[in-house]
file work-v5.tsv (TSV, C-alpha atoms)
chain	number	residue	atom	x	y	z
A	1	MET	CA	147.35	119.93	211.37
A	2	GLY	CA	148.70	121.67	214.49
A	3	GLN	CA	145.19	122.41	215.76
A	4	GLU	CA	144.21	118.73	215.38
A	5	LYS	CA	147.16	117.65	217.51
A	6	ASN	CA	146.23	120.22	220.18
A	7	GLN	CA	142.62	118.95	220.13
A	8	THR	CA	143.85	115.39	220.68
A	9	LYS	CA	146.02	116.43	223.62
A	10	LYS	CA	143.03	118.27	225.14
A	11	VAL	CA	140.87	115.20	224.69
A	12	SER	CA	143.20	112.63	226.19
A	13	GLY	CA	144.96	114.63	228.89
A	14	LEU	CA	147.79	112.10	228.79
A	15	SER	CA	150.02	110.95	225.99
A	16	GLY	CA	149.81	107.46	224.55
A	17	ARG	CA	153.10	106.55	226.20
A	18	VAL	CA	151.52	107.07	229.61
A	19	TRP	CA	147.88	106.15	228.97
A	20	VAL	CA	148.44	102.73	227.35
A	21	PRO	CA	150.61	101.26	230.17
A	22	VAL	CA	148.13	102.57	232.76
A	23	VAL	CA	145.28	100.82	230.94
A	24	TYR	CA	147.35	97.62	230.74
A	25	LEU	CA	148.10	97.76	234.47
A	26	VAL	CA	144.46	98.32	235.42
A	27	GLY	CA	143.33	95.54	233.06
A	28	THR	CA	145.94	93.08	234.32
A	29	LEU	CA	145.18	93.70	237.99
A	30	SER	CA	141.43	93.48	237.37
A	31	GLY	CA	141.94	90.27	235.38
A	32	ILE	CA	143.95	88.66	238.17
A	33	VAL	CA	141.30	89.59	240.75
A	34	SER	CA	138.47	88.31	238.57
A	35	TYR	CA	140.35	85.07	237.85
A	36	MET	CA	140.95	84.50	241.57
A	37	TYR	CA	137.23	84.96	242.18
A	38	THR	CA	136.35	82.50	239.40
A	39	LEU	CA	138.94	80.00	240.59
A	40	SER	CA	137.39	79.99	244.05
A	41	THR	CA	134.01	79.03	242.56
A	42	LEU	CA	135.26	76.19	240.31
A	43	GLU	CA	135.39	72.53	241.27
A	44	PRO	CA	138.93	71.19	241.64
A	45	ARG	CA	140.10	69.22	238.59
A	46	PRO	CA	143.22	67.17	237.95
A	47	GLY	CA	145.92	69.18	236.19
A	48	GLY	CA	148.02	68.23	233.22
A	49	PRO	CA	149.91	69.77	230.33
A	50	PHE	CA	146.68	71.17	228.82
A	51	ASP	CA	144.92	72.01	232.06
A	52	PRO	CA	141.71	73.98	231.33
A	53	ALA	CA	142.30	76.06	234.47
A	54	ALA	CA	145.54	77.42	232.95
A	55	PHE	CA	143.71	78.44	229.78
A	56	LEU	CA	140.99	80.02	231.92
A	57	GLU	CA	143.64	82.04	233.76
A	58	TYR	CA	145.19	83.41	230.58
A	59	HIS	CA	141.84	83.99	228.92
A	60	SER	CA	140.45	85.81	231.98
A	61	ILE	CA	143.42	88.16	232.30
A	62	LEU	CA	143.74	88.83	228.57
A	63	SER	CA	139.99	89.39	228.19
A	64	THR	CA	140.05	91.90	231.03
A	65	ILE	CA	142.93	93.79	229.40
A	66	SER	CA	140.95	93.84	226.16
A	67	ILE	CA	137.87	95.19	227.93
A	68	SER	CA	139.92	97.89	229.68
A	69	LEU	CA	141.40	98.97	226.34
A	70	LEU	CA	137.90	99.22	224.85
A	71	VAL	CA	136.69	101.30	227.79
A	72	ALA	CA	139.71	103.60	227.38
A	73	LEU	CA	138.94	103.96	223.67
A	74	LEU	CA	135.32	104.80	224.49
A	75	VAL	CA	136.48	107.48	226.93
A	76	VAL	CA	138.86	109.01	224.36
A	77	TYR	CA	136.30	109.04	221.56
A	78	GLY	CA	133.49	110.13	223.89
A	79	ARG	CA	135.51	113.19	224.85
A	80	THR	CA	136.39	113.81	221.22
A	81	TYR	CA	132.72	113.63	220.26
A	82	THR	CA	131.73	116.15	222.94
A	83	LEU	CA	134.31	118.57	221.52
A	84	THR	CA	133.70	118.06	217.80
A	85	LYS	CA	130.15	116.62	217.42
A	86	ALA	CA	131.46	114.77	214.34
A	87	ASN	CA	129.20	112.01	212.99
A	88	PHE	CA	132.21	109.84	212.17
A	89	ILE	CA	133.25	109.82	215.84
A	90	LEU	CA	129.70	108.87	216.79
A	91	GLY	CA	129.96	105.93	214.38
A	92	LEU	CA	133.25	104.87	215.99
A	93	ILE	CA	131.59	104.99	219.40
A	94	VAL	CA	128.78	102.70	218.18
A	95	VAL	CA	131.34	100.21	216.80
A	96	LEU	CA	133.36	100.34	220.01
A	97	LEU	CA	130.21	99.73	222.07
A	98	ALA	CA	129.39	96.69	219.91
A	99	LEU	CA	132.93	95.34	220.42
A	100	LEU	CA	132.65	95.95	224.16
A	101	LEU	CA	129.33	94.10	224.30
A	102	GLN	CA	130.85	91.19	222.38
A	103	SER	CA	133.82	91.10	224.76
A	104	LEU	CA	131.53	91.13	227.79
A	105	LEU	CA	129.40	88.31	226.38
A	106	ASN	CA	132.56	86.23	225.78
A	107	TYR	CA	134.10	87.17	229.13
A	108	PRO	CA	134.97	83.94	230.98
A	109	ILE	CA	133.93	85.31	234.36
A	110	LEU	CA	130.39	86.00	233.11
A	111	HIS	CA	130.32	82.80	231.04
A	112	PRO	CA	128.46	80.66	233.63
A	113	TYR	CA	125.72	83.31	233.90
A	114	ILE	CA	125.24	83.73	230.13
A	115	ASP	CA	125.85	80.26	228.70
A	116	ASN	CA	125.69	76.85	230.35
A	117	THR	CA	128.62	75.40	228.38
A	118	PRO	CA	131.26	74.13	230.81
A	119	LEU	CA	134.36	76.28	231.22
A	120	ALA	CA	136.48	73.16	230.71
A	121	SER	CA	135.66	73.29	226.99
A	122	MET	CA	138.10	76.19	226.54
A	123	THR	CA	141.04	75.60	224.20
A	124	ILE	CA	144.29	77.37	223.39
A	125	SER	CA	142.60	79.39	220.63
A	126	SER	CA	140.90	81.69	223.14
A	127	PRO	CA	144.11	83.18	224.64
A	128	VAL	CA	145.78	83.40	221.22
A	129	ALA	CA	142.80	85.29	219.80
A	130	ASP	CA	142.89	87.56	222.86
A	131	VAL	CA	146.54	88.44	222.20
A	132	PHE	CA	145.80	89.53	218.63
A	133	THR	CA	142.79	91.53	219.80
A	134	ILE	CA	144.86	93.28	222.47
A	135	ILE	CA	147.54	94.17	219.92
A	136	ALA	CA	144.91	95.70	217.62
A	137	TYR	CA	143.24	97.69	220.43
A	138	THR	CA	146.62	98.87	221.72
A	139	VAL	CA	147.63	100.21	218.32
A	140	PHE	CA	144.22	101.85	217.95
A	141	LEU	CA	144.43	103.50	221.39
A	142	TYR	CA	148.03	104.64	220.91
A	143	LEU	CA	147.28	106.17	217.52
A	144	SER	CA	144.14	107.80	218.90
A	145	LEU	CA	146.18	109.52	221.59
A	146	GLU	CA	148.99	110.74	219.32
call {"tool": "encode", "arguments": {"input": "work-v5.tsv", "output": "structure tokens"}}
result
Amino acid sequence: MGQEKNQTKKVSGLSGRVWVPVVYLVGTLSGIVSYMYTLSTLEPRPGGPFDPAAFLEYHSILSTISISLLVALLVVYGRTYTLTKANFILGLIVVLLALLLQSLLNYPILHPYIDNTPLASMTISSPVADVFTIIAYTVFLYLSLE
């Protein structure tokens, strides 16, 4: 068991207590920048209590955090695979790549280029689903680094 823990520390380089907040910070800053870019390309709309632009803001930032967590997981498991050559880790990498592709296809910033559904059709379910996804990826990343 001691060797496994040493292998994990060699793979990650940082502990989960440091790595996870760094990934959150990078994801949040990237999300804010991408939202600002998207906001500059949208037509102005009247606001209200359920303003679609507010949901777009939350969804953009939360989706970017989710994508950054997936990229961090891919880095951790990619390094683990290079050390161990375990088939199970290769399977995890394939699953993580599929989740990353799904996140990119649902990413609100890329939405106008992939689908021609208006961004105004977004509802509150998108940010709520993003929060649960982020919680799951955070737990997965933290446990992978410990």
call {"tool": "atom_distance", "arguments": {"input": "work-v5.tsv", "atom1": "atom CA of A:Gln102", "atom2": "atom CA of A:Val20"}}
result
21.6 Å
call {"tool": "closest_residue", "arguments": {"input": "work-v5.tsv", "among": "A:Val95, A:Arg79, A:Ser66, A:Leu145", "to": "A:Thr133", "atoms": "only C-alpha atoms"}}
result
A:Ser66
call {"tool": "closest_residue", "arguments": {"input": "work-v5.tsv", "among": "A:Ala86, A:Leu99, A:Leu110, A:Leu62", "to": "A:Val131", "atoms": "only C-alpha atoms"}}
result
A:Leu62
call {"tool": "atom_distance", "arguments": {"input": "work-v5.tsv", "atom1": "atom CA of A:Trp19", "atom2": "atom CA of A:Ile93"}}
result
18.9 Å
call {"tool": "closest_residue", "arguments": {"input": "work-v5.tsv", "among": "A:Ser144, A:Ala129, A:Val33, A:Val26", "to": "A:Thr80", "atoms": "all atoms listed in the file"}}
result
A:Ser144
call {"tool": "closest_residue", "arguments": {"input": "work-v5.tsv", "among": "A:Leu56, A:Ile134, A:Val18, A:Val75", "to": "A:Leu92", "atoms": "all atoms listed in the file"}}
result
A:Val75
call {"tool": "residues_near_point", "arguments": {"input": "work-v5.tsv", "point": "(132.4, 95.2, 231.3)", "cutoff": "10 Å", "atoms": "all atoms listed in the file", "output": "short mmCIF file (atom, residue, chain, number, x, y, z; two decimals) with C-alpha atoms, in the coordinates of the input"}}
result
data_model
loop_
_atom_site.label_atom_id
_atom_site.label_comp_id
_atom_site.auth_asym_id
_atom_site.auth_seq_id
_atom_site.Cartn_x
_atom_site.Cartn_y
_atom_site.Cartn_z
CA THR A 64 140.05 91.90 231.03
CA ILE A 67 137.87 95.19 227.93
CA SER A 68 139.92 97.89 229.68
CA LEU A 70 137.90 99.22 224.85
CA VAL A 71 136.69 101.30 227.79
CA LEU A 100 132.65 95.95 224.16
CA LEU A 101 129.33 94.10 224.30
CA GLN A 102 130.85 91.19 222.38
CA SER A 103 133.82 91.10 224.76
CA LEU A 104 131.53 91.13 227.79
CA LEU A 105 129.40 88.31 226.38
CA TYR A 107 134.10 87.17 229.13
CA LEU A 110 130.39 86.00 233.11
#
call {"tool": "closest_residue", "arguments": {"input": "work-v5.tsv", "among": "A:Leu96, A:Leu73, A:Ile65, A:Met36", "to": "A:Tyr24", "atoms": "all atoms listed in the file"}}
result
A:Ile65
